[in-house]
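Below is run-v7.csv, holding CSV, C-alpha atoms and all ligand atoms.
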```csv
chain,number,residue,atom,x,y,z
R,1377,MET,CA,8.7,21.5,-8.6
R,1378,LEU,CA,5.5,21.7,-6.7
R,1379,SER,CA,5.5,24.4,-3.9
R,1380,LEU,CA,2.8,22.8,-1.8
R,1381,THR,CA,2.7,21.9,1.8
R,1382,VAL,CA,3.5,18.2,2.0
R,1383,ARG,CA,1.8,16.2,4.8
R,1384,ALA,CA,2.1,12.5,5.7
R,1385,LEU,CA,1.4,10.2,8.6
R,1386,SER,CA,4.1,10.4,11.3
R,1387,ILE,CA,4.8,6.7,10.9
R,1388,HIS,CA,5.6,7.3,7.2
R,1389,ALA,CA,7.6,10.5,7.5
R,1390,ARG,CA,11.0,8.8,7.9
R,1391,TYR,CA,10.5,6.6,4.9
R,1392,THR,CA,13.5,6.1,2.6
R,1393,CYS,CA,14.2,3.4,0.1
R,1394,ARG,CA,16.2,0.5,1.7
R,1395,HIS,CA,16.5,-1.3,-1.6
R,1396,ALA,CA,14.3,-4.2,-0.5
R,1397,GLY,CA,13.7,-4.8,-4.2
R,1398,ALA,CA,10.0,-5.7,-4.0
R,1399,CYS,CA,9.1,-3.3,-6.7
R,1400,CYS,CA,11.9,-4.5,-8.9
R,1401,THR,CA,10.9,-8.2,-8.7
R,1402,ALA,CA,7.1,-7.9,-8.6
R,1403,GLY,CA,6.9,-8.7,-12.3
R,1404,TRP,CA,4.6,-5.8,-13.1
R,1405,ASP,CA,5.0,-3.4,-16.0
R,1406,ILE,CA,7.3,-0.5,-15.5
R,1407,PRO,CA,6.5,2.2,-18.0
R,1408,ALA,CA,9.5,4.0,-19.3
R,1409,GLU,CA,9.2,7.6,-20.3
R,1410,VAL,CA,11.0,8.7,-23.4
R,1411,SER,CA,14.0,10.1,-21.5
R,1412,ALA,CA,14.2,7.1,-19.2
R,1413,ALA,CA,14.0,4.7,-22.1
R,1414,HIS,CA,16.8,6.6,-23.8
R,1415,THR,CA,19.0,6.1,-20.7
R,1416,ALA,CA,18.0,2.4,-20.4
R,1417,LEU,CA,18.8,1.7,-24.0
R,1418,GLU,CA,22.2,3.4,-23.7
R,1419,LEU,CA,23.0,1.2,-20.7
R,1420,ARG,CA,21.6,-2.0,-22.1
R,1421,PRO,CA,20.4,-2.4,-25.7
R,1422,GLY,CA,17.1,-4.1,-25.9
R,1423,SER,CA,16.1,-3.2,-22.4
R,1424,VAL,CA,12.9,-1.5,-23.3
R,1425,TRP,CA,10.0,-3.4,-24.8
R,1426,ASN,CA,8.1,-1.2,-27.1
R,1427,GLN,CA,5.7,-3.5,-28.9
R,1428,GLY,CA,2.1,-2.2,-28.4
R,1429,GLU,CA,0.5,1.1,-27.9
R,1430,TRP,CA,1.6,3.4,-25.1
R,1431,PRO,CA,0.2,6.6,-23.7
R,1432,PRO,CA,1.8,9.9,-24.8
R,1433,GLY,CA,5.3,10.3,-23.4
R,1434,ILE,CA,5.8,6.6,-22.8
R,1435,ALA,CA,8.3,4.7,-25.0
R,1436,GLY,CA,7.6,1.2,-23.7
R,1437,ILE,CA,8.1,-0.9,-20.6
R,1438,VAL,CA,11.3,-2.0,-19.0
R,1439,ALA,CA,12.4,-5.5,-20.0
R,1440,ARG,CA,12.2,-8.3,-17.5
R,1441,ARG,CA,14.1,-11.5,-17.0
R,1442,SER,CA,12.4,-15.0,-17.2
R,1443,ASP,CA,11.8,-14.8,-13.5
R,1444,ARG,CA,9.9,-11.5,-14.1
R,1445,SER,CA,12.4,-9.4,-12.2
R,1446,CYS,CA,13.5,-6.1,-13.9
R,1447,ILE,CA,16.4,-6.4,-16.1
R,1448,PHE,CA,18.2,-3.6,-14.3
R,1449,HIS,CA,17.8,-5.2,-10.9
R,1450,ASP,CA,21.3,-6.4,-10.1
R,1451,SER,CA,22.8,-7.5,-6.7
R,1452,GLY,CA,19.9,-5.8,-4.9
R,1453,ARG,CA,20.3,-2.4,-6.6
R,1454,CYS,CA,19.1,-0.6,-9.7
R,1455,THR,CA,21.7,-0.3,-12.4
R,1456,ILE,CA,20.1,2.8,-13.8
R,1457,GLN,CA,20.3,4.5,-10.4
R,1458,ARG,CA,23.8,3.3,-9.7
R,1459,GLU,CA,25.2,4.3,-13.1
R,1460,ARG,CA,23.2,7.5,-13.9
R,1461,GLY,CA,21.4,8.6,-10.7
R,1462,PRO,CA,17.8,8.6,-9.6
R,1463,ASP,CA,16.8,11.3,-12.1
R,1464,HIS,CA,17.2,8.8,-14.9
R,1465,MET,CA,15.0,6.1,-13.5
R,1466,PRO,CA,11.4,5.7,-14.8
R,1467,SER,CA,9.1,7.9,-12.8
R,1468,ALA,CA,7.1,4.8,-11.5
R,1469,CYS,CA,10.3,3.7,-9.8
R,1470,ARG,CA,11.0,7.1,-8.3
R,1471,VAL,CA,7.5,7.4,-6.9
R,1472,PHE,CA,6.9,3.9,-5.5
R,1473,PRO,CA,5.8,3.3,-2.8
R,1474,ARG,CA,4.4,6.8,-2.4
R,1475,ILE,CA,0.8,7.5,-3.2
R,1476,ALA,CA,0.2,11.2,-3.5
R,1477,THR,CA,-2.9,13.3,-3.7
R,1478,VAL,CA,-3.1,17.1,-4.2
R,1479,ARG,CA,-5.9,18.9,-2.3
R,1480,PRO,CA,-6.5,22.7,-1.9
R,1481,SER,CA,-4.6,22.5,1.3
R,1482,GLY,CA,-1.5,20.8,-0.1
R,1483,LEU,CA,0.0,17.5,-1.0
R,1484,LEU,CA,-0.9,14.4,1.0
R,1485,VAL,CA,1.4,11.3,0.8
R,1486,SER,CA,0.7,7.8,2.0
R,1487,LEU,CA,2.7,4.7,1.2
R,1488,SER,CA,2.0,1.3,-0.3
R,1489,HIS,CA,3.0,-1.3,2.3
R,1490,PHE,CA,3.6,-3.8,-0.5
R,1491,CYS,CA,7.1,-2.3,0.0
R,1492,PRO,CA,8.6,-4.3,2.9
R,1493,THR,CA,10.3,-1.1,4.2
R,1494,ALA,CA,7.0,0.7,4.3
R,1495,ALA,CA,5.3,-2.3,6.0
R,1496,GLY,CA,8.0,-2.3,8.7
R,1497,LEU,CA,7.1,1.3,9.6
R,1498,LEU,CA,3.7,0.2,10.7
R,1499,PHE,CA,5.2,-1.8,13.6
R,1500,GLU,CA,7.1,1.1,15.1
R,1501,SER,CA,5.8,2.6,18.4
R,1502,GLN,CA,5.8,6.2,17.2
R,1503,ARG,CA,2.6,8.0,17.9
R,1504,LEU,CA,0.3,8.3,14.9
R,1505,ALA,CA,-0.3,11.9,13.8
R,1506,ILE,CA,-0.4,14.0,10.6
R,1507,VAL,CA,2.9,15.8,10.2
R,1508,GLU,CA,4.6,18.0,7.6
R,1509,ALA,CA,7.1,16.0,5.6
R,1510,PRO,CA,8.6,18.5,3.2
R,1511,VAL,CA,11.9,16.9,2.5
R,1512,LEU,CA,11.1,13.2,2.0
R,1513,PHE,CA,8.5,13.7,-0.6
R,1514,SER,CA,9.3,17.0,-2.3
R,1515,TYR,CA,11.1,15.4,-5.2
R,1516,GLU,CA,9.2,12.3,-6.0
R,1517,THR,CA,5.8,13.6,-5.6
R,1518,THR,CA,6.2,16.1,-8.3
R,1519,LEU,CA,5.4,13.0,-10.4
R,1520,ALA,CA,2.3,10.8,-10.8
R,1521,THR,CA,0.2,12.9,-8.4
R,1522,LEU,CA,-3.6,12.6,-8.4
R,1523,ASP,CA,-5.2,16.0,-8.3
R,1524,ALA,CA,-8.2,15.7,-6.1
R,1525,ARG,CA,-9.1,19.3,-6.7
R,1526,GLN,CA,-10.7,18.1,-9.9
R,1527,LEU,CA,-13.0,15.8,-8.0
R,1528,ALA,CA,-16.3,16.8,-6.4
R,1529,PRO,CA,-15.8,17.8,-2.7
R,1530,PRO,CA,-16.2,15.0,-0.2
R,1531,LEU,CA,-19.7,13.9,0.9
R,1532,LEU,CA,-21.0,14.0,4.4
R,1533,ARG,CA,-23.8,11.7,3.4
R,1534,PRO,CA,-25.5,11.1,0.0
R,1535,GLY,CA,-26.3,14.4,-1.5
R,1536,VAL,CA,-24.6,16.6,1.1
R,1537,PHE,CA,-21.1,17.9,0.2
R,1538,MET,CA,-18.6,19.0,2.8
R,1539,SER,CA,-16.1,21.9,2.4
R,1540,TRP,CA,-12.5,20.8,2.3
R,1541,PRO,CA,-11.7,22.3,5.7
R,1542,ASP,CA,-14.6,20.5,7.3
R,1543,PHE,CA,-13.6,17.2,5.7
R,1544,GLU,CA,-10.0,17.6,6.8
R,1545,ARG,CA,-11.2,18.4,10.3
R,1546,TRP,CA,-12.9,15.0,10.3
R,1547,GLU,CA,-9.9,13.3,8.7
R,1548,SER,CA,-7.6,14.7,11.5
R,1549,HIS,CA,-10.1,13.4,14.1
R,1550,VAL,CA,-10.0,9.9,12.6
R,1551,ILE,CA,-6.2,9.9,12.6
R,1552,GLN,CA,-6.1,11.2,16.2
R,1553,VAL,CA,-8.5,8.5,17.4
R,1554,LEU,CA,-6.7,5.8,15.6
R,1555,GLY,CA,-3.5,7.0,17.3
R,1556,GLU,CA,-4.9,6.5,20.8
R,1557,ARG,CA,-3.5,3.3,22.0
R,1558,ASP,CA,-6.2,2.1,24.4
R,1559,GLY,CA,-8.4,-0.8,23.3
R,1560,GLU,CA,-8.8,-3.1,20.4
R,1561,TRP,CA,-8.8,-1.7,16.8
R,1562,THR,CA,-12.4,-2.9,16.4
R,1563,SER,CA,-13.4,-0.7,19.3
R,1564,THR,CA,-11.6,2.2,17.8
R,1565,LEU,CA,-13.4,1.8,14.5
R,1566,ALA,CA,-16.8,1.4,16.3
R,1567,ARG,CA,-16.1,4.7,18.1
R,1568,LEU,CA,-15.3,6.4,14.8
R,1569,GLU,CA,-18.4,4.9,13.3
R,1570,ALA,CA,-20.5,6.4,16.0
R,1571,ASP,CA,-18.8,9.8,15.5
R,1572,ALA,CA,-19.5,9.6,11.7
R,1573,LEU,CA,-23.2,8.7,12.3
R,1574,ALA,CA,-23.5,11.7,14.7
R,1575,LEU,CA,-21.9,14.0,12.2
R,1576,GLN,CA,-24.0,12.7,9.3
R,1577,GLY,CA,-27.1,13.8,11.3
R,1578,TRP,CA,-26.3,17.5,10.5
R,1579,THR,CA,-29.0,19.6,8.9
R,1580,PRO,CA,-28.8,23.3,8.0
R,1581,GLU,CA,-31.3,24.1,10.8
R,1582,ARG,CA,-28.6,23.1,13.3
R,1583,GLY,CA,-26.2,25.8,12.2
R,1584,SER,CA,-23.1,25.6,10.1
R,1585,LEU,CA,-21.5,22.2,9.5
R,1586,ALA,CA,-18.3,23.6,10.8
R,1587,GLU,CA,-20.0,24.4,14.2
R,1588,TRP,CA,-21.6,21.0,14.2
R,1589,LEU,CA,-18.3,19.3,13.7
R,1590,SER,CA,-16.7,21.3,16.4
R,1591,ARG,CA,-19.5,20.7,18.8
R,1592,HIS,CA,-19.3,16.9,18.3
R,1593,LEU,CA,-15.6,16.4,17.9
R,1594,ASP,CA,-14.4,18.8,20.6
R,1595,ALA,CA,-17.0,17.5,23.0
R,1596,GLY,CA,-15.4,14.1,23.3
R,1597,ARG,CA,-16.2,10.7,22.1
R,1598,ALA,CA,-19.5,9.6,20.8
R,1599,CYS,CA,-20.9,6.5,22.5
R,1600,ALA,CA,-20.3,3.3,20.7
R,1601,ASP,CA,-21.7,0.0,21.5
R,1602,ALA,CA,-19.2,-2.8,22.0
R,1603,PRO,CA,-18.5,-4.1,18.5
R,1604,SER,CA,-19.0,-7.8,17.7
R,1605,PRO,CA,-15.8,-9.4,16.4
R,1606,PRO,CA,-15.1,-9.1,12.7
R,1607,SER,CA,-16.1,-12.0,10.6
R,1608,PRO,CA,-13.5,-13.9,8.6
R,1609,HIS,CA,-16.3,-15.1,6.3
R,1610,ALA,CA,-17.3,-11.5,5.5
R,1611,ALA,CA,-13.7,-10.6,4.9
R,1612,LEU,CA,-13.3,-13.6,2.6
R,1613,ALA,CA,-16.3,-12.4,0.6
R,1614,VAL,CA,-14.8,-9.0,0.2
R,1615,TRP,CA,-11.5,-10.6,-0.9
R,1616,HIS,CA,-13.3,-12.7,-3.5
R,1617,ARG,CA,-15.0,-9.6,-4.9
R,1618,LEU,CA,-11.8,-7.7,-5.1
R,1619,PHE,CA,-9.9,-10.6,-6.6
R,1620,ALA,CA,-12.6,-10.9,-9.3
R,1621,SER,CA,-11.8,-7.4,-10.4
R,1622,VAL,CA,-8.0,-8.1,-10.8
R,1623,PRO,CA,-7.0,-8.2,-14.5
R,1624,HIS,CA,-6.1,-11.7,-15.6
R,1625,ALA,CA,-2.6,-10.5,-16.7
R,1626,VAL,CA,-1.9,-9.5,-13.0
R,1627,ARG,CA,-3.4,-12.6,-11.3
R,1628,ASP,CA,-0.3,-14.8,-11.9
R,1629,LEU,CA,2.3,-12.3,-10.8
R,1630,PRO,CA,4.7,-13.9,-8.4
R,1631,ALA,CA,3.6,-11.6,-5.7
R,1632,LEU,CA,0.9,-12.5,-3.5
R,1633,LEU,CA,-2.3,-13.2,-5.1
R,1634,THR,CA,-2.6,-16.9,-4.4
R,1635,PRO,CA,-6.4,-17.3,-4.1
R,1636,ILE,CA,-7.6,-17.7,-0.5
R,1637,SER,CA,-10.4,-20.2,-0.6
R,1638,ASP,CA,-11.0,-21.4,3.0
R,1639,PRO,CA,-12.6,-19.6,5.8
R,1640,PHE,CA,-10.0,-19.3,8.5
R,1641,ALA,CA,-10.0,-18.6,12.2
R,1642,TRP,CA,-8.5,-15.2,12.9
R,1643,PRO,CA,-5.0,-15.2,14.4
R,1644,PRO,CA,-5.0,-15.1,18.2
R,1645,ALA,CA,-3.9,-12.2,20.4
R,1646,GLN,CA,-5.3,-9.4,18.3
R,1647,SER,CA,-4.7,-7.0,21.1
R,1648,GLU,CA,-1.0,-7.4,20.5
R,1649,ILE,CA,-1.3,-6.3,16.9
R,1650,SER,CA,-4.0,-3.7,17.4
R,1651,HIS,CA,-1.6,-0.7,17.0
R,1652,VAL,CA,-0.3,-2.1,13.8
R,1653,LEU,CA,-3.8,-2.6,12.4
R,1654,ARG,CA,-4.7,0.9,13.5
R,1655,ASN,CA,-1.6,2.3,11.7
R,1656,PHE,CA,-2.5,0.3,8.6
R,1657,ALA,CA,-6.1,1.5,8.8
R,1658,ALA,CA,-5.0,5.1,9.1
R,1659,ALA,CA,-2.8,4.7,6.0
R,1660,HIS,CA,-6.0,3.7,4.1
R,1661,ILE,CA,-7.9,6.8,5.3
R,1662,PHE,CA,-5.3,9.6,5.2
R,1663,GLY,CA,-4.9,11.1,1.7
R,1664,SER,CA,-7.0,8.4,0.1
R,1665,HIS,CA,-8.7,9.4,-3.1
R,1666,LEU,CA,-11.3,6.6,-2.6
R,1667,VAL,CA,-12.3,8.0,0.8
R,1668,LEU,CA,-12.8,11.3,-1.0
R,1669,GLN,CA,-15.2,9.6,-3.4
R,1670,ALA,CA,-17.1,7.6,-0.8
R,1671,ARG,CA,-20.8,8.4,-0.6
R,1672,SER,CA,-20.6,9.2,3.2
R,1673,LEU,CA,-18.2,9.5,6.1
R,1674,LEU,CA,-19.3,6.0,7.1
R,1675,ALA,CA,-18.5,4.6,3.7
R,1676,GLY,CA,-15.1,6.3,3.9
R,1677,LEU,CA,-14.4,4.6,7.2
R,1678,ARG,CA,-15.1,1.3,5.5
R,1679,ALA,CA,-11.8,1.7,3.7
R,1680,ALA,CA,-10.0,1.4,7.0
R,1681,GLU,CA,-12.0,-1.6,8.1
R,1682,ILE,CA,-11.5,-3.5,4.8
R,1683,ALA,CA,-7.7,-3.0,5.0
R,1684,ALA,CA,-7.5,-4.2,8.6
R,1685,GLU,CA,-9.7,-7.2,8.0
R,1686,LEU,CA,-8.0,-8.3,4.8
R,1687,ALA,CA,-4.7,-8.1,6.6
R,1688,LEU,CA,-6.1,-10.4,9.3
R,1689,LEU,CA,-7.4,-12.7,6.6
R,1690,HIS,CA,-4.0,-12.9,4.9
R,1691,ALA,CA,-2.4,-13.4,8.3
R,1692,ALA,CA,-4.7,-16.3,9.1
R,1693,ALA,CA,-3.9,-18.0,5.8
R,1694,LEU,CA,-0.2,-17.4,6.2
R,1695,ALA,CA,-0.1,-18.5,9.8
R,1696,ARG,CA,-1.3,-21.9,8.7
R,1697,SER,CA,1.5,-22.4,6.2
R,1698,ARG,CA,4.2,-20.8,8.1
R,1699,ALA,CA,4.2,-22.5,11.5
R,1700,GLY,CA,7.1,-21.3,13.5
R,1701,SER,CA,7.2,-17.8,12.0
R,1702,THR,CA,6.8,-14.9,14.4
R,1703,CYS,CA,3.6,-13.0,14.6
R,1704,GLU,CA,5.4,-9.9,13.3
R,1705,THR,CA,6.8,-11.8,10.3
R,1706,VAL,CA,3.4,-13.2,9.4
R,1707,LEU,CA,1.6,-9.9,9.9
R,1708,ARG,CA,4.1,-7.9,7.9
R,1709,GLU,CA,3.8,-10.3,4.9
R,1710,ALA,CA,0.0,-10.3,5.3
R,1711,ILE,CA,0.0,-6.5,5.1
R,1712,ARG,CA,2.2,-6.6,2.0
R,1713,ARG,CA,-0.3,-9.0,0.3
R,1714,THR,CA,-3.2,-6.8,1.3
R,1715,ASP,CA,-1.7,-3.7,-0.1
R,1716,PHE,CA,-0.7,-5.5,-3.3
R,1717,LEU,CA,-4.4,-6.3,-3.7
R,1718,LEU,CA,-5.8,-3.0,-2.6
R,1719,ARG,CA,-3.2,-0.6,-4.0
R,1720,HIS,CA,-2.0,-2.3,-7.1
R,1721,ALA,CA,-4.2,-5.1,-8.4
R,1722,ALA,CA,-7.9,-4.7,-7.7
R,1723,GLU,CA,-9.9,-2.1,-9.4
R,1724,ASP,CA,-10.6,1.0,-7.4
R,1725,ARG,CA,-14.1,0.9,-8.7
R,1726,ALA,CA,-14.7,-2.5,-7.1
R,1727,LEU,CA,-13.3,-1.3,-3.8
R,1728,LEU,CA,-15.4,1.9,-3.8
R,1729,GLN,CA,-18.5,-0.1,-4.6
R,1730,ILE,CA,-17.9,-2.4,-1.6
R,1731,MET,CA,-17.2,0.7,0.6
R,1732,ASN,CA,-20.5,2.3,-0.5
R,1733,GLU,CA,-22.6,-0.8,-0.3
R,1734,THR,CA,-21.6,-2.0,3.1
R,1735,ALA,CA,-21.2,1.2,5.0
R,1736,THR,CA,-24.4,0.3,6.8
R,1737,GLY,CA,-22.9,-3.1,7.7
R,1738,LEU,CA,-20.6,-1.2,10.0
R,1739,ARG,CA,-23.5,0.2,11.7
R,1740,ARG,CA,-25.3,-3.1,12.1
R,1741,ARG,CA,-22.1,-4.7,13.5
R,1742,SER,CA,-21.6,-2.1,16.1
R,1743,ARG,CA,-25.2,-2.5,17.3
R,1744,SER,CA,-25.3,-6.3,17.3
R,1801,LIG,S1,14.4,0.4,-13.3
R,1801,LIG,FE1,15.5,0.1,-11.5
R,1801,LIG,S2,14.2,0.8,-9.8
R,1801,LIG,FE2,12.9,0.4,-11.6
R,1801,LIG,S3,12.2,-1.7,-11.4
R,1801,LIG,FE3,14.1,-1.7,-12.6
R,1801,LIG,S4,15.7,-2.1,-11.1
R,1801,LIG,FE4,13.9,-1.4,-10.0
```
Could you write out this file's structure as structure tokens?
Amino acid sequence: MLSLTVRALSIHARYTCRHAGACCTAGWDIPAEVSAAHTALELRPGSVWNQGEWPPGIAGIVARRSDRSCIFHDSGRCTIQRERGPDHMPSACRVFPRIATVRPSGLLVSLSHFCPTAAGLLFESQRLAIVEAPVLFSYETTLATLDARQLAPPLLRPGVFMSWPDFERWESHVIQVLGERDGEWTSTLARLEADALALQGWTPERGSLAEWLSRHLDAGRACADAPSPPSPHAALAVWHRLFASVPHAVRDLPALLTPISDPFAWPPAQSEISHVLRNFAAAHIFGSHLVLQARSLLAGLRAAEIAAELALLHAAALARSRAGSTCETVLREAIRRTDFLLRHAAEDRALLQIMNETATGLRRRSRS
């Protein structure tokens, strides 16, 4: 058991599995460790497919039905969990939808909003903050945890590393600003972009980076020009690049990757959904290992913008085919599709490349 401080976003801290079943019917491979495979085979002979080569400790994948649902998913519940308890489930099932990263300061946990329960949390009115969440994540996150302490420290700008405390000071600032409810989400990101640009201007002659951070972040907001609206065409281009990185075996999963081919108009009334998009953006910044690997603070912010814009893109596509659905229903499904793409299907490398390439695009947009 890890004895690390566990932190999460306030909106995620109450997460608990409500048995929505999205993970059990997604059709993806569920690796079964040797002990989990043993239990599965006891309960149901033939329930682990072991053809092929597996990493050490993995005995095979859990069998699926013809509709690609897991063979243990029955009446909305997991038979392994019901018969033997959660300790006996494959670790992938115990961890999902948690995404955990270890840093020197502790364990950070975000969620994949492909899980409908997690997606629903984004709509709550709770104020966004970073909080300790020791109970909810102490068990599951002992598994499948990415150790960011083995990565290089985060970059302020190309060639200039930050200390972990300095980076986490910036990360806290980002979450705090995203949690402020005034204005459109695009204005919020433009303000953060201006902050990032100001911070990236640090040089050793200006004193320590910690002092520079305090001076800028404690002094109040940096000035940001009014952003121009996000472009559905730009978001569509990002979507195509990410989709191109999805392995072919994943493209035909029942979940969510129907190609989007037309440019759409954005859904109306974005101000009504701004807090949801800010929450979603925060979940793609907080604890993200991709943000840690971005070439600058600006490039890291791009992860938030991409998530929000892809959610809008999916919402626009869905709104056209689901006339009569409520805005919340459409947006929740759009967020699920977005996280399926970003968290489970597209290659991290492709997303990181887009973040790093287009960080300057943010700057151009806020000045246009
Ligand atoms: S093993 Fe259980 S929790 Fe895992 S996918 Fe199958 S039914 Fe769902």
### Task
Dump the neighbourhood of ligand LIG 1801 (chain R) as an MDAnalysis selection string: all residues within 6 Å, distances computed on only C-alpha atoms and all ligand atoms.
chainID R and resid 1399:1400 1446 1448:1449 1454 1456 1465 1469
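Atom to atom, atom CA of Ala1412 of chain R and atom CA of Pro1462 of chain R stand 10.4 Å apart.
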If you take all atoms listed in the file and a cut-off of 9 Å, which residues of segment 1665-1738 of chain R touch segment 1523-1542 of chain R, and what are their nearest atom pairs and distances in Å to one decimal, in chain and number order, as JSON lines?
```
{"residue": "R:His1665", "atom": "CA", "partner": "R:Ala1524", "partner_atom": "CA", "distance": 7.0}
{"residue": "R:Val1667", "atom": "CA", "partner": "R:Pro1530", "partner_atom": "CA", "distance": 8.1}
{"residue": "R:Leu1668", "atom": "CA", "partner": "R:Pro1530", "partner_atom": "CA", "distance": 5.1}
{"residue": "R:Gln1669", "atom": "CA", "partner": "R:Pro1530", "partner_atom": "CA", "distance": 6.4}
{"residue": "R:Ala1670", "atom": "CA", "partner": "R:Leu1531", "partner_atom": "CA", "distance": 7.0}
{"residue": "R:Arg1671", "atom": "CA", "partner": "R:Pro1534", "partner_atom": "CA", "distance": 5.5}
{"residue": "R:Ser1672", "atom": "CA", "partner": "R:Arg1533", "partner_atom": "CA", "distance": 4.1}
{"residue": "R:Leu1673", "atom": "CA", "partner": "R:Leu1532", "partner_atom": "CA", "distance": 5.6}
{"residue": "R:Leu1674", "atom": "CA", "partner": "R:Arg1533", "partner_atom": "CA", "distance": 8.2}
{"residue": "R:Ala1675", "atom": "CA", "partner": "R:Arg1533", "partner_atom": "CA", "distance": 8.9}
```
### Query
If you count only C-alpha atoms, which residues fall within 12 Å of Ser1501 of chain R, apart from same-chain ones fewer than 3 positions away, as a list of chain:residue names?
R:Ser1386, R:Ile1387, R:Gly1496, R:Leu1497, R:Leu1498, R:Leu1504, R:Gly1555, R:Glu1556, R:Arg1557, R:Ile1649, R:Ser1650, R:His1651, R:Val1652, R:Arg1654, R:Asn1655
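Candidate residues R:Leu1653, R:Val1438, R:Ala1408, R:Ala1586 were compared for distance to Glu1500 of chain R, and the nearest is R:Leu1653, using all atoms listed in the file.
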### Message
With distances taken over only C-alpha atoms, which residue among R:Val1614, R:Trp1404, R:Arg1545, R:Ala1658 lies nearest Leu1728 of chain R?
### Response
R:Val1614
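The space between atom CA of Asp1715 of chain R and atom CA of Leu1483 of chain R spans 21.3 Å.
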### Message
Here is a test: counting only C-alpha atoms, which residue of R:Leu1686, R:Leu1629, R:Leu1612, R:Ala1695 is nearest to Ala1721 of chain R?
### Response
R:Leu1629
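Reported to one decimal place, the separation of atom CA of Leu1618 of chain R from atom CA of Ser1548 of chain R is 28.2 Å.
Closest approach to Cys1393 of chain R among R:His1414, R:Arg1444, R:Arg1470, R:Arg1458: R:Arg1470, based on only C-alpha atoms.
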Reconstructed N, CA and C atoms for segment 1437-1449 of chain R, given as a compact mmCIF listing (two decimals), keeping the file's coordinate frame:
```txt
# COMPACT_ATOMS: atom_id res chain seq x y z
N ILE R 1437 7.88 -0.48 -22.02
CA ILE R 1437 8.10 -0.90 -20.60
C ILE R 1437 9.47 -1.53 -20.50
N VAL R 1438 9.99 -1.47 -19.28
CA VAL R 1438 11.30 -2.00 -19.00
C VAL R 1438 11.31 -3.50 -19.13
N ALA R 1439 12.31 -4.05 -19.80
CA ALA R 1439 12.40 -5.50 -20.00
C ALA R 1439 12.54 -6.25 -18.70
N ARG R 1440 12.03 -7.48 -18.69
CA ARG R 1440 12.20 -8.30 -17.50
C ARG R 1440 12.89 -9.61 -17.85
N ARG R 1441 13.44 -10.22 -16.84
CA ARG R 1441 14.10 -11.50 -17.00
C ARG R 1441 12.98 -12.62 -16.98
N SER R 1442 13.41 -13.85 -17.18
CA SER R 1442 12.40 -15.00 -17.20
C SER R 1442 11.74 -15.13 -15.85
N ASP R 1443 12.42 -14.73 -14.77
CA ASP R 1443 11.80 -14.80 -13.50
C ASP R 1443 10.91 -13.57 -13.17
N ARG R 1444 10.77 -12.73 -14.15
CA ARG R 1444 9.90 -11.50 -14.10
C ARG R 1444 10.57 -10.37 -13.39
N SER R 1445 11.77 -10.53 -12.88
CA SER R 1445 12.40 -9.40 -12.20
C SER R 1445 12.89 -8.41 -13.32
N CYS R 1446 13.03 -7.15 -12.92
CA CYS R 1446 13.50 -6.10 -13.90
C CYS R 1446 14.89 -6.38 -14.31
N ILE R 1447 15.14 -6.12 -15.55
CA ILE R 1447 16.40 -6.40 -16.10
C ILE R 1447 17.55 -5.57 -15.53
N PHE R 1448 17.17 -4.46 -14.91
CA PHE R 1448 18.20 -3.60 -14.30
C PHE R 1448 18.39 -3.87 -12.81
N HIS R 1449 17.66 -4.84 -12.28
CA HIS R 1449 17.80 -5.20 -10.90
C HIS R 1449 18.99 -6.11 -10.72
```
